[in-house]
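A.B. asks: Have a peek at final_37.tsv (TSV, C-alpha atoms (C1' of nucleotides)).
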```tsv
chain	number	residue	atom	x	y	z
A	101	MET	CA	89.95	50.69	225.00
A	102	ASN	CA	92.57	48.18	224.07
A	103	THR	CA	92.41	49.67	220.62
A	104	ASN	CA	92.95	53.15	221.98
A	105	GLN	CA	95.97	52.07	223.91
A	106	ALA	CA	97.42	50.48	220.82
A	107	ASP	CA	96.70	53.65	218.85
A	108	ASP	CA	98.30	55.79	221.49
A	109	ALA	CA	101.43	53.69	221.44
A	110	LEU	CA	101.50	53.91	217.68
A	111	LEU	CA	101.07	57.66	217.75
A	112	ALA	CA	103.85	57.99	220.30
A	113	LEU	CA	106.12	55.91	218.11
A	114	ALA	CA	105.11	58.02	215.13
A	115	GLN	CA	106.10	61.15	217.02
A	116	SER	CA	109.56	59.77	217.77
A	117	PHE	CA	109.88	58.57	214.24
A	118	ARG	CA	109.12	62.04	212.93
A	119	GLU	CA	111.81	63.45	215.16
A	120	ALA	CA	114.27	61.02	213.59
A	121	LEU	CA	113.12	62.06	210.14
A	122	ARG	CA	113.77	65.68	210.96
A	123	GLN	CA	117.25	64.79	212.15
A	124	SER	CA	117.89	62.79	209.01
A	125	VAL	CA	117.27	65.86	206.91
A	126	TYR	CA	119.79	67.68	209.02
A	127	VAL	CA	122.37	64.93	208.60
A	128	MET	CA	121.81	64.88	204.85
A	129	ARG	CA	122.34	68.62	204.63
A	130	ARG	CA	125.53	68.29	206.58
A	131	LEU	CA	126.71	65.50	204.34
A	132	ASP	CA	125.96	67.56	201.25
A	133	SER	CA	127.67	70.65	202.58
A	134	GLU	CA	130.99	68.85	202.77
A	135	GLU	CA	131.02	67.65	199.20
A	136	GLN	CA	131.29	68.95	195.68
A	137	LEU	CA	128.60	66.66	194.33
A	138	SER	CA	125.13	67.24	195.83
A	139	SER	CA	123.13	64.20	196.80
A	140	ALA	CA	120.60	65.06	194.12
A	141	GLN	CA	123.37	64.94	191.54
A	142	LEU	CA	124.96	61.87	193.07
A	143	GLY	CA	121.63	60.06	192.85
A	144	VAL	CA	121.25	60.84	189.18
A	145	LEU	CA	124.85	60.02	188.44
A	146	LYS	CA	124.62	56.63	190.10
A	147	MET	CA	121.67	55.80	187.94
A	148	ALA	CA	123.69	56.66	184.86
A	149	LEU	CA	126.50	54.29	185.81
A	150	ASP	CA	125.15	51.33	183.89
A	151	GLY	CA	125.03	53.45	180.78
A	152	GLY	CA	121.48	53.30	179.54
A	153	ALA	CA	119.32	55.24	181.96
A	154	ARG	CA	116.43	57.24	180.59
A	155	VAL	CA	115.35	60.55	182.03
A	156	GLY	CA	111.90	59.36	183.01
A	157	GLY	CA	113.30	56.29	184.70
A	158	ILE	CA	115.79	58.34	186.65
A	159	ALA	CA	113.07	60.71	187.80
A	160	ARG	CA	110.76	57.89	188.84
A	161	ASN	CA	113.53	56.15	190.69
A	162	LEU	CA	114.48	59.25	192.63
A	163	GLY	CA	110.92	60.23	193.42
A	164	VAL	CA	111.05	63.53	191.56
A	165	LYS	CA	109.35	64.88	188.46
A	166	VAL	CA	110.97	64.63	185.07
A	167	PRO	CA	111.99	68.29	184.77
A	168	SER	CA	113.83	68.06	188.07
A	169	ALA	CA	115.81	65.12	186.74
A	170	THR	CA	116.55	66.98	183.51
A	171	GLU	CA	117.88	69.87	185.54
A	172	GLN	CA	120.38	67.69	187.39
A	173	ILE	CA	121.36	65.87	184.23
A	174	ILE	CA	122.16	69.17	182.53
A	175	LYS	CA	124.38	70.18	185.42
A	176	LEU	CA	126.17	66.85	185.35
A	177	GLU	CA	126.61	67.11	181.60
A	178	ARG	CA	128.11	70.57	181.91
A	179	ALA	CA	130.49	69.16	184.52
A	180	GLY	CA	131.48	66.42	182.08
A	181	LEU	CA	130.20	63.64	184.33
A	182	VAL	CA	127.49	62.26	182.05
A	183	LYS	CA	126.70	62.42	178.38
A	184	ARG	CA	123.30	62.40	176.73
A	185	GLU	CA	122.74	60.47	173.54
A	186	ALA	CA	119.70	59.63	171.48
A	187	ASP	CA	118.11	56.27	172.18
A	188	PRO	CA	118.62	54.19	169.02
A	189	ASP	CA	115.26	52.48	169.49
A	190	ASP	CA	113.14	55.51	170.33
A	191	SER	CA	114.20	58.95	169.18
A	192	ARG	CA	111.96	60.63	171.71
A	193	ALA	CA	114.03	59.19	174.49
A	194	VAL	CA	117.47	60.13	175.75
A	195	ARG	CA	120.06	57.77	177.15
A	196	VAL	CA	122.08	59.19	180.01
A	197	ALA	CA	125.46	57.58	180.53
A	198	ALA	CA	128.20	58.35	183.03
A	199	THR	CA	131.56	59.28	181.57
A	200	ALA	CA	134.81	57.94	182.98
A	201	ALA	CA	135.08	61.12	185.02
A	202	GLY	CA	131.53	60.55	186.22
A	203	ARG	CA	132.32	57.04	187.33
A	204	ALA	CA	135.35	58.29	189.23
A	205	ALA	CA	133.31	61.06	190.81
A	206	VAL	CA	130.73	58.58	192.09
A	207	GLU	CA	133.34	56.36	193.64
A	208	ASN	CA	134.99	59.28	195.28
A	209	ALA	CA	131.82	60.87	196.59
A	210	ASP	CA	130.46	57.55	197.79
A	211	ARG	CA	133.63	56.69	199.58
A	212	ARG	CA	133.89	60.04	201.30
A	213	ARG	CA	130.27	60.01	202.39
A	214	ASN	CA	130.49	56.46	203.63
A	215	GLU	CA	133.61	57.30	205.58
A	216	PHE	CA	131.90	60.25	207.18
A	217	ILE	CA	128.98	58.10	208.31
A	218	ALA	CA	131.20	55.18	209.25
A	219	GLY	CA	133.17	57.56	211.44
A	220	ILE	CA	130.03	58.29	213.40
A	221	LEU	CA	128.86	54.68	213.49
A	222	GLY	CA	132.28	53.74	214.78
A	223	THR	CA	131.65	55.68	217.97
A	224	LEU	CA	128.60	53.56	218.78
A	225	SER	CA	128.50	50.38	220.79
A	226	GLN	CA	128.03	47.10	218.98
A	227	ALA	CA	124.52	46.85	220.39
A	228	GLU	CA	123.67	50.25	219.00
A	229	ARG	CA	125.02	49.37	215.60
A	230	ASP	CA	122.99	46.18	215.69
A	231	ALA	CA	119.89	48.16	216.48
A	232	VAL	CA	120.53	50.41	213.49
A	233	GLU	CA	121.20	47.48	211.23
A	234	ALA	CA	118.01	45.75	212.30
A	235	ALA	CA	115.93	48.84	211.67
A	236	LEU	CA	117.25	49.70	208.22
A	237	PRO	CA	115.21	47.12	206.28
A	238	VAL	CA	112.12	48.35	208.07
A	239	PHE	CA	112.85	51.91	207.00
A	240	ASP	CA	113.15	50.59	203.51
A	241	LYS	CA	109.73	49.07	203.80
A	242	ILE	CA	108.25	52.25	205.22
A	243	ASN	CA	109.62	54.25	202.35
A	244	HIS	CA	108.07	51.96	199.81
A	245	SER	CA	104.70	52.28	201.44
A	246	VAL	CA	105.02	56.06	201.42
A	247	GLN	CA	105.73	55.99	197.71
A	248	ASN	CA	102.40	54.17	197.31
B	318	MET	CA	143.32	42.51	208.70
B	319	ASN	CA	140.82	42.18	211.49
B	320	THR	CA	140.70	45.95	211.46
B	321	ASN	CA	140.02	45.98	207.75
B	322	GLN	CA	137.16	43.58	208.11
B	323	ALA	CA	135.67	45.72	210.83
B	324	ASP	CA	136.09	48.78	208.66
B	325	ASP	CA	134.45	47.07	205.72
B	326	ALA	CA	131.48	46.08	207.82
B	327	LEU	CA	131.20	49.62	209.10
B	328	LEU	CA	131.38	51.05	205.59
B	329	ALA	CA	128.71	48.64	204.40
B	330	LEU	CA	126.49	49.67	207.26
B	331	ALA	CA	127.21	53.30	206.46
B	332	GLN	CA	126.12	52.71	202.88
B	333	SER	CA	122.79	51.24	203.98
B	334	PHE	CA	122.38	54.00	206.48
B	335	ARG	CA	122.87	56.60	203.77
B	336	GLU	CA	120.19	54.92	201.71
B	337	ALA	CA	117.82	55.24	204.65
B	338	LEU	CA	118.74	58.90	205.00
B	339	ARG	CA	117.91	59.50	201.36
B	340	GLN	CA	114.55	57.85	201.88
B	341	SER	CA	113.89	59.94	204.95
B	342	VAL	CA	114.19	63.08	202.90
B	343	TYR	CA	111.65	61.65	200.54
B	344	VAL	CA	109.24	60.81	203.36
B	345	MET	CA	109.65	64.29	204.83
B	346	ARG	CA	108.87	65.88	201.48
B	347	ARG	CA	105.78	63.75	201.19
B	348	LEU	CA	104.70	64.67	204.69
B	349	ASP	CA	105.17	68.36	203.94
B	350	SER	CA	103.32	68.20	200.67
B	351	GLU	CA	100.13	67.15	202.40
B	352	GLU	CA	100.05	69.98	204.90
B	353	GLN	CA	99.56	73.72	205.08
B	354	LEU	CA	102.34	74.24	207.59
B	355	SER	CA	105.79	73.30	206.29
B	356	SER	CA	108.05	71.36	208.61
B	357	ALA	CA	110.40	74.35	208.73
B	358	GLN	CA	107.54	76.50	209.98
B	359	LEU	CA	106.25	73.82	212.30
B	360	GLY	CA	109.69	73.54	213.86
B	361	VAL	CA	109.86	77.25	214.55
B	362	LEU	CA	106.30	77.39	215.76
B	363	LYS	CA	106.84	74.57	218.25
B	364	MET	CA	109.77	76.44	219.69
B	365	ALA	CA	107.58	79.49	220.19
B	366	LEU	CA	104.97	77.55	222.15
B	367	ASP	CA	106.46	78.26	225.55
B	368	GLY	CA	106.33	81.94	224.79
B	369	GLY	CA	109.81	83.27	225.20
B	370	ALA	CA	111.94	81.91	222.39
B	371	ARG	CA	114.64	84.12	220.92
B	372	VAL	CA	115.50	84.14	217.26
B	373	GLY	CA	119.05	83.00	217.79
B	374	GLY	CA	117.95	80.16	220.03
B	375	ILE	CA	115.39	79.00	217.53
B	376	ALA	CA	117.97	79.01	214.76
B	377	ARG	CA	120.52	77.13	216.84
B	378	ASN	CA	117.94	74.57	217.85
B	379	LEU	CA	116.85	73.92	214.30
B	380	GLY	CA	120.36	73.81	212.91
B	381	VAL	CA	119.90	76.78	210.61
B	382	LYS	CA	121.39	80.26	210.47
B	383	VAL	CA	119.67	83.21	212.09
B	384	PRO	CA	118.38	84.79	208.86
B	385	SER	CA	116.69	81.52	207.91
B	386	ALA	CA	114.88	81.51	211.24
B	387	THR	CA	113.88	85.15	210.82
B	388	GLU	CA	112.42	84.29	207.44
B	389	GLN	CA	110.17	81.58	208.87
B	390	ILE	CA	109.20	83.75	211.82
B	391	ILE	CA	108.10	86.51	209.49
B	392	LYS	CA	105.94	84.08	207.55
B	393	LEU	CA	104.38	82.76	210.75
B	394	GLU	CA	103.79	86.29	211.97
B	395	ARG	CA	102.06	87.23	208.74
B	396	ALA	CA	99.88	84.14	209.17
B	397	GLY	CA	99.00	85.28	212.69
B	398	LEU	CA	100.56	82.22	214.31
B	399	VAL	CA	103.29	83.97	216.29
B	400	LYS	CA	103.92	87.47	217.54
B	401	ARG	CA	107.26	89.21	218.03
B	402	GLU	CA	107.84	91.44	221.00
B	403	ALA	CA	110.85	93.22	222.42
B	404	ASP	CA	112.74	91.40	225.14
B	405	PRO	CA	112.31	93.49	228.30
B	406	ASP	CA	115.81	92.61	229.53
B	407	ASP	CA	117.73	93.11	226.30
B	408	SER	CA	116.40	95.44	223.65
B	409	ARG	CA	118.56	93.86	221.01
B	410	ALA	CA	116.68	90.62	221.38
B	411	VAL	CA	113.23	89.60	220.19
B	412	ARG	CA	110.86	87.24	221.96
B	413	VAL	CA	108.84	85.04	219.65
B	414	ALA	CA	105.60	83.70	221.10
B	415	ALA	CA	102.92	81.53	219.56
B	416	THR	CA	99.42	83.00	219.45
B	417	ALA	CA	96.32	80.99	220.31
B	418	ALA	CA	95.93	80.30	216.60
B	419	GLY	CA	99.54	79.21	216.49
B	420	ARG	CA	99.04	76.79	219.34
B	421	ALA	CA	96.01	75.32	217.61
B	422	ALA	CA	97.91	75.05	214.34
B	423	VAL	CA	100.71	73.10	216.00
B	424	GLU	CA	98.33	70.66	217.58
B	425	ASN	CA	96.53	70.15	214.33
B	426	ALA	CA	99.62	69.74	212.22
B	427	ASP	CA	101.26	67.45	214.74
B	428	ARG	CA	98.22	65.26	215.01
B	429	ARG	CA	97.81	64.96	211.26
B	430	ARG	CA	101.45	64.16	210.69
B	431	ASN	CA	101.53	61.64	213.48
B	432	GLU	CA	98.44	59.97	212.12
B	433	PHE	CA	99.99	59.74	208.70
B	434	ILE	CA	103.09	58.06	210.09
B	435	ALA	CA	101.11	55.92	212.52
B	436	GLY	CA	99.07	54.69	209.58
B	437	ILE	CA	102.23	53.38	208.00
B	438	LEU	CA	103.65	51.97	211.22
B	439	GLY	CA	100.35	50.19	211.73
B	440	THR	CA	100.98	48.06	208.68
B	441	LEU	CA	104.20	46.69	210.17
B	442	SER	CA	104.60	43.61	212.29
B	443	GLN	CA	105.22	44.02	215.99
B	444	ALA	CA	108.81	42.86	215.49
B	445	GLU	CA	109.35	45.51	212.87
B	446	ARG	CA	107.91	48.21	215.09
B	447	ASP	CA	110.16	47.01	217.89
B	448	ALA	CA	113.16	47.28	215.59
B	449	VAL	CA	112.23	50.85	214.75
B	450	GLU	CA	111.66	51.75	218.35
B	451	ALA	CA	115.01	50.30	219.37
B	452	ALA	CA	116.85	52.22	216.67
B	453	LEU	CA	115.31	55.64	217.29
B	454	PRO	CA	117.44	56.56	220.32
B	455	VAL	CA	120.51	55.61	218.36
B	456	PHE	CA	119.49	57.91	215.54
B	457	ASP	CA	119.13	60.60	218.12
B	458	LYS	CA	122.65	59.96	219.28
B	459	ILE	CA	123.98	59.98	215.74
B	460	ASN	CA	122.35	63.32	215.07
B	461	HIS	CA	123.93	64.87	218.10
B	462	SER	CA	127.35	63.73	217.02
B	463	VAL	CA	126.78	65.19	213.56
B	464	GLN	CA	125.93	68.53	215.10
B	465	ASN	CA	129.30	68.41	216.84
C	1153	DC	C1'	99.52	57.52	153.87
C	1154	DC	C1'	97.85	60.65	157.32
C	1155	DT	C1'	95.87	62.10	161.39
C	1156	DT	C1'	95.43	61.86	166.26
C	1157	DG	C1'	96.38	60.72	170.87
C	1158	DA	C1'	99.92	59.14	173.83
C	1159	DT	C1'	104.71	59.43	175.26
C	1160	DA	C1'	109.63	61.52	176.20
C	1161	DT	C1'	112.00	65.39	177.04
C	1162	DT	C1'	113.06	70.27	177.43
C	1163	DT	C1'	111.99	75.06	178.39
C	1164	DA	C1'	110.00	78.73	181.09
C	1165	DG	C1'	108.51	80.54	185.20
C	1166	DG	C1'	107.82	80.18	190.11
C	1167	DC	C1'	108.30	78.87	195.04
C	1168	DA	C1'	110.50	77.32	199.49
C	1169	DG	C1'	114.34	77.16	202.31
C	1170	DC	C1'	118.92	77.82	203.07
C	1171	DC	C1'	123.24	80.73	202.95
C	1172	DT	C1'	126.63	84.89	203.29
C	1173	DA	C1'	127.47	89.75	203.59
C	1174	DA	C1'	126.20	94.04	204.97
C	1175	DC	C1'	123.46	97.13	208.00
C	1176	DT	C1'	121.08	98.78	212.43
C	1177	DG	C1'	120.65	99.07	217.04
C	1178	DT	C1'	122.08	97.66	221.93
C	1179	DT	C1'	125.08	96.27	225.43
C	1180	DA	C1'	129.13	95.91	228.20
C	1181	DG	C1'	134.07	96.42	229.24
C	1182	DG	C1'	138.05	99.31	229.62
D	549	DC	C1'	132.74	107.62	226.53
D	550	DC	C1'	134.16	104.44	222.84
D	551	DT	C1'	134.70	100.35	220.97
D	552	DA	C1'	134.11	95.47	220.37
D	553	DA	C1'	130.82	91.97	220.64
D	554	DC	C1'	126.20	90.67	220.01
D	555	DA	C1'	120.97	90.25	218.25
D	556	DG	C1'	118.33	90.66	214.56
D	557	DT	C1'	116.89	92.19	209.87
D	558	DT	C1'	117.61	93.13	205.03
D	559	DA	C1'	119.44	92.18	200.50
D	560	DG	C1'	120.89	89.17	197.17
D	561	DG	C1'	121.88	84.65	195.55
D	562	DC	C1'	121.81	79.53	195.19
D	563	DT	C1'	119.74	74.74	194.88
D	564	DG	C1'	116.14	71.74	194.19
D	565	DC	C1'	111.64	71.02	193.51
D	566	DC	C1'	107.14	71.92	190.97
D	567	DT	C1'	103.48	72.91	187.07
D	568	DA	C1'	102.36	74.30	182.48
D	569	DA	C1'	103.47	74.71	177.92
D	570	DA	C1'	106.33	73.70	173.82
D	571	DT	C1'	108.72	70.19	170.77
D	572	DA	C1'	109.45	65.98	168.78
D	573	DT	C1'	108.42	61.22	167.97
D	574	DC	C1'	105.74	57.09	168.05
D	575	DA	C1'	101.88	53.96	167.26
D	576	DA	C1'	97.34	52.83	165.77
D	577	DG	C1'	93.26	53.44	162.93
D	578	DG	C1'	90.94	54.91	159.06
```
Could you spell out this file's structure in structure tokens?
C.D. replies:
Amino acid sequence: MNTNQADDALLALAQSFREALRQSVYVMRRLDSEEQLSSAQLGVLKMALDGGARVGGIARNLGVKVPSATEQIIKLERAGLVKREADPDDSRAVRVAATAAGRAAVENADRRRNEFIAGILGTLSQAERDAVEAALPVFDKINHSVQN
Amino acid sequence: MNTNQADDALLALAQSFREALRQSVYVMRRLDSEEQLSSAQLGVLKMALDGGARVGGIARNLGVKVPSATEQIIKLERAGLVKREADPDDSRAVRVAATAAGRAAVENADRRRNEFIAGILGTLSQAERDAVEAALPVFDKINHSVQN
DNA sequence: CCTTGATATTTAGGCAGCCTAACTGTTAGG
DNA sequence: CCTAACAGTTAGGCTGCCTAAATATCAAGG
């Protein structure tokens, strides 16, 4: 019976959590709709900032399959934001590197998105912001456990 | 200068928040991939539970345009989970109502999804769960401000 | 060497969900 | 009445994801 109560509380929390997830998708869509660079592209581009990202690594890191990563990389390449070059050590592999324009695009997109979110966070009370801040690492943890 | 510091803190929080948003999309995808009913369809179906939902209202509630709602309604209708009937008061409008099968499908899908999430939440410490619980209403508030 | 299985990426084809524009039918105000 | 506003559907198009199959390279054994 104690167990059932605990389970019920957990299920209720899960329900609220799901509602927040649904809202997050909405917020992400909104964020994307105001920008030139989609979040899928921004994710790939960020990974190419250091210069030596491989397609498989990018895909794994973003939680998508390799062809989906390739697709975004091709778009970014056409936009002149990354370049693809053969890996000197393994000719099967491809190194994806951001161009100068790519680097600038990331900074710009990141700044604009952060400002949008910061604008919303700025309307909250300090206590509310603290609550968000405290929960973020937990969300991180949850995500990792979902990834398996 | 004090203002700048505050802004910097806000921007840093915004950055972390965006990371959590990105992860949420991932979790949602994962949740969807394990079920028959997509979350888009589940959202529509839930709104049809009371019996008298209109297409425009459903769309507004889900944050999508009317044709997107129609699309999901048609799929649900084909699956026998909702029925569409003329609104007696306004022949332009359509009333979308869940069938018995639809009601059962919602309960099933909701339970399974909640259990999946509860399974993850169950691995957290009480303090972590508390942090999540405290942040959820704030996320709710943030969403509403995004909707404008 | 040479073959063979594993690995890295791309290509092809397909699906879901969202959007805008255009069309149909209904309502309500002047 | 007639016309503007409104409710919904249809048509067409886009993005982002997926699986399966093709291509190329690598690494290990015989």
A.B. asks: Got a sec: who's within 12 Å of C:DG1181, counting all atoms listed in the file, leaving out chain neighbours fewer than 5 positions off, as a PyMOL selection string?
C.D. replies: chain D and resi 549-553
A.B. asks: Suppose we keep C-alpha atoms (C1' of nucleotides); can you now write the selection as an mmCIF file, in the coordinates of the input?
C.D. replies:
```cif
data_model
loop_
_atom_site.group_PDB
_atom_site.id
_atom_site.type_symbol
_atom_site.label_atom_id
_atom_site.label_comp_id
_atom_site.auth_asym_id
_atom_site.auth_seq_id
_atom_site.Cartn_x
_atom_site.Cartn_y
_atom_site.Cartn_z
ATOM 1 C "C1'" DC D 549 132.740 107.620 226.530
ATOM 2 C "C1'" DC D 550 134.160 104.440 222.840
ATOM 3 C "C1'" DT D 551 134.700 100.350 220.970
ATOM 4 C "C1'" DA D 552 134.110 95.470 220.370
ATOM 5 C "C1'" DA D 553 130.820 91.970 220.640
#
```
A.B. asks: Tell me, as number ranges by chain, which residues lie within 9 Å of C:DT1179, counting all atoms listed in the file; anything in the same chain fewer than 2 positions away does not count.
C.D. replies: B: 407-409; D: 553-554
A.B. asks: Rank A:Leu221, A:Ile174, A:Leu236, A:Ala205 by their smallest atom-to-atom distance to chain C, using all atoms listed in the file, and report the top residue only.
C.D. replies: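 Among the listed residues, A:Ile174 lies closest to chain C.
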A.B. asks: Within 12 Å of stretch 1156-1158 of chain C, counting only C-alpha atoms (C1' of nucleotides), which residues qualify if same-chain residues fewer than 6 places away don't, as a ChimeraX atom specification?
C.D. replies: /D:573-578
A.B. asks: Print the selection's residues with C-alpha atoms (C1' of nucleotides) to a file, as a compact mmCIF listing (two decimals), in the frame of the given file.
C.D. replies:
```
# COMPACT_ATOMS: atom_id res chain seq x y z
C1' DT D 573 108.42 61.22 167.97
C1' DC D 574 105.74 57.09 168.05
C1' DA D 575 101.88 53.96 167.26
C1' DA D 576 97.34 52.83 165.77
C1' DG D 577 93.26 53.44 162.93
C1' DG D 578 90.94 54.91 159.06
```
A.B. asks: What does the distance from atom CA of B:Gly368 to atom C1' of D:DG556 come to in Å, to one decimal?
C.D. replies: 18.0 Å
A.B. asks: Distance atom CA of B:Leu354-atom CA of B:Ala415, one decimal place?
C.D. replies: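 So the two atoms, atom CA of B:Leu354 and atom CA of B:Ala415, lie 14.0 Å apart.
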A.B. asks: Calculate how many Å separate atom CA of A:Gly222 from atom CA of B:Leu338, rounding to one decimal.
C.D. replies: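 Straight-line distance from atom CA of A:Gly222 to atom CA of B:Leu338 works out to 17.5 Å.
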A.B. asks: Listing only residues of chain B within 10 Å of chain C, what is the closest atom pair and its distance in Å (to one decimal) for each, using all atoms listed in the file, sorted by chain and residue number ascending, as a tab-separated table?
C.D. replies:
```
residue	atom	partner	partner_atom	distance
B:Ser355	CA	C:DA1168	C1'	9.2
B:Ala357	CA	C:DG1169	C1'	8.0
B:Val381	CA	C:DC1170	C1'	7.7
B:Lys382	CA	C:DC1171	C1'	7.8
B:Pro384	CA	C:DC1171	C1'	8.7
B:Ser385	CA	C:DC1170	C1'	6.5
B:Ala386	CA	C:DC1170	C1'	9.8
B:Glu388	CA	C:DG1169	C1'	9.0
B:Gln389	CA	C:DG1169	C1'	8.9
B:Asp407	CA	C:DT1178	C1'	7.7
B:Ser408	CA	C:DT1178	C1'	6.3
B:Arg409	CA	C:DT1178	C1'	5.3
B:Ala410	CA	C:DT1178	C1'	8.9
```
A.B. asks: Kindly determine which residues of chain B lie within 6 Å of chain A, considering only C-alpha atoms, and give the answer as a list in words.
C.D. replies: Leu327, Leu328, Ala331, Gln332, Leu338, Ser341, Val342, Asn431, Ile434, Ala435, Ala448, Val449 and Ala452 of chain B
A.B. asks: Quick one: what's the axis-aligned box for stretch 173-176 of chain A, all listed atoms, 8 Å on every side, centre and edges in Å to one decimal, as AutoDock Vina command-line options?
C.D. replies:
```
--center_x 123.8 --center_y 68.0 --center_z 184.0 --size_x 20.8 --size_y 20.3 --size_z 18.9
```
A.B. asks: Measuring atom to atom with all atoms listed in the file, identify which of B:Thr387, B:Thr416, B:Asn425, B:Gln443 is nearest to chain D.
C.D. replies: B:Thr387
A.B. asks: Sorted by chain and rising residue number, which residues of chain D lie within 12 Å of chain B, and what are their closest atom pairs and distances in Å to one decimal, counting all atoms listed in the file, as CSV?
C.D. replies:
```
residue,atom,partner,partner_atom,distance
D:DC554,C1',B:Arg409,CA,8.3
D:DA555,C1',B:Arg409,CA,5.1
D:DG556,C1',B:Ala410,CA,7.0
D:DT557,C1',B:Pro384,CA,7.6
D:DT558,C1',B:Pro384,CA,9.2
D:DA559,C1',B:Pro384,CA,11.2
D:DG564,C1',B:Arg346,CA,11.8
D:DC565,C1',B:Arg346,CA,9.9
D:DC566,C1',B:Ser350,CA,11.1
```
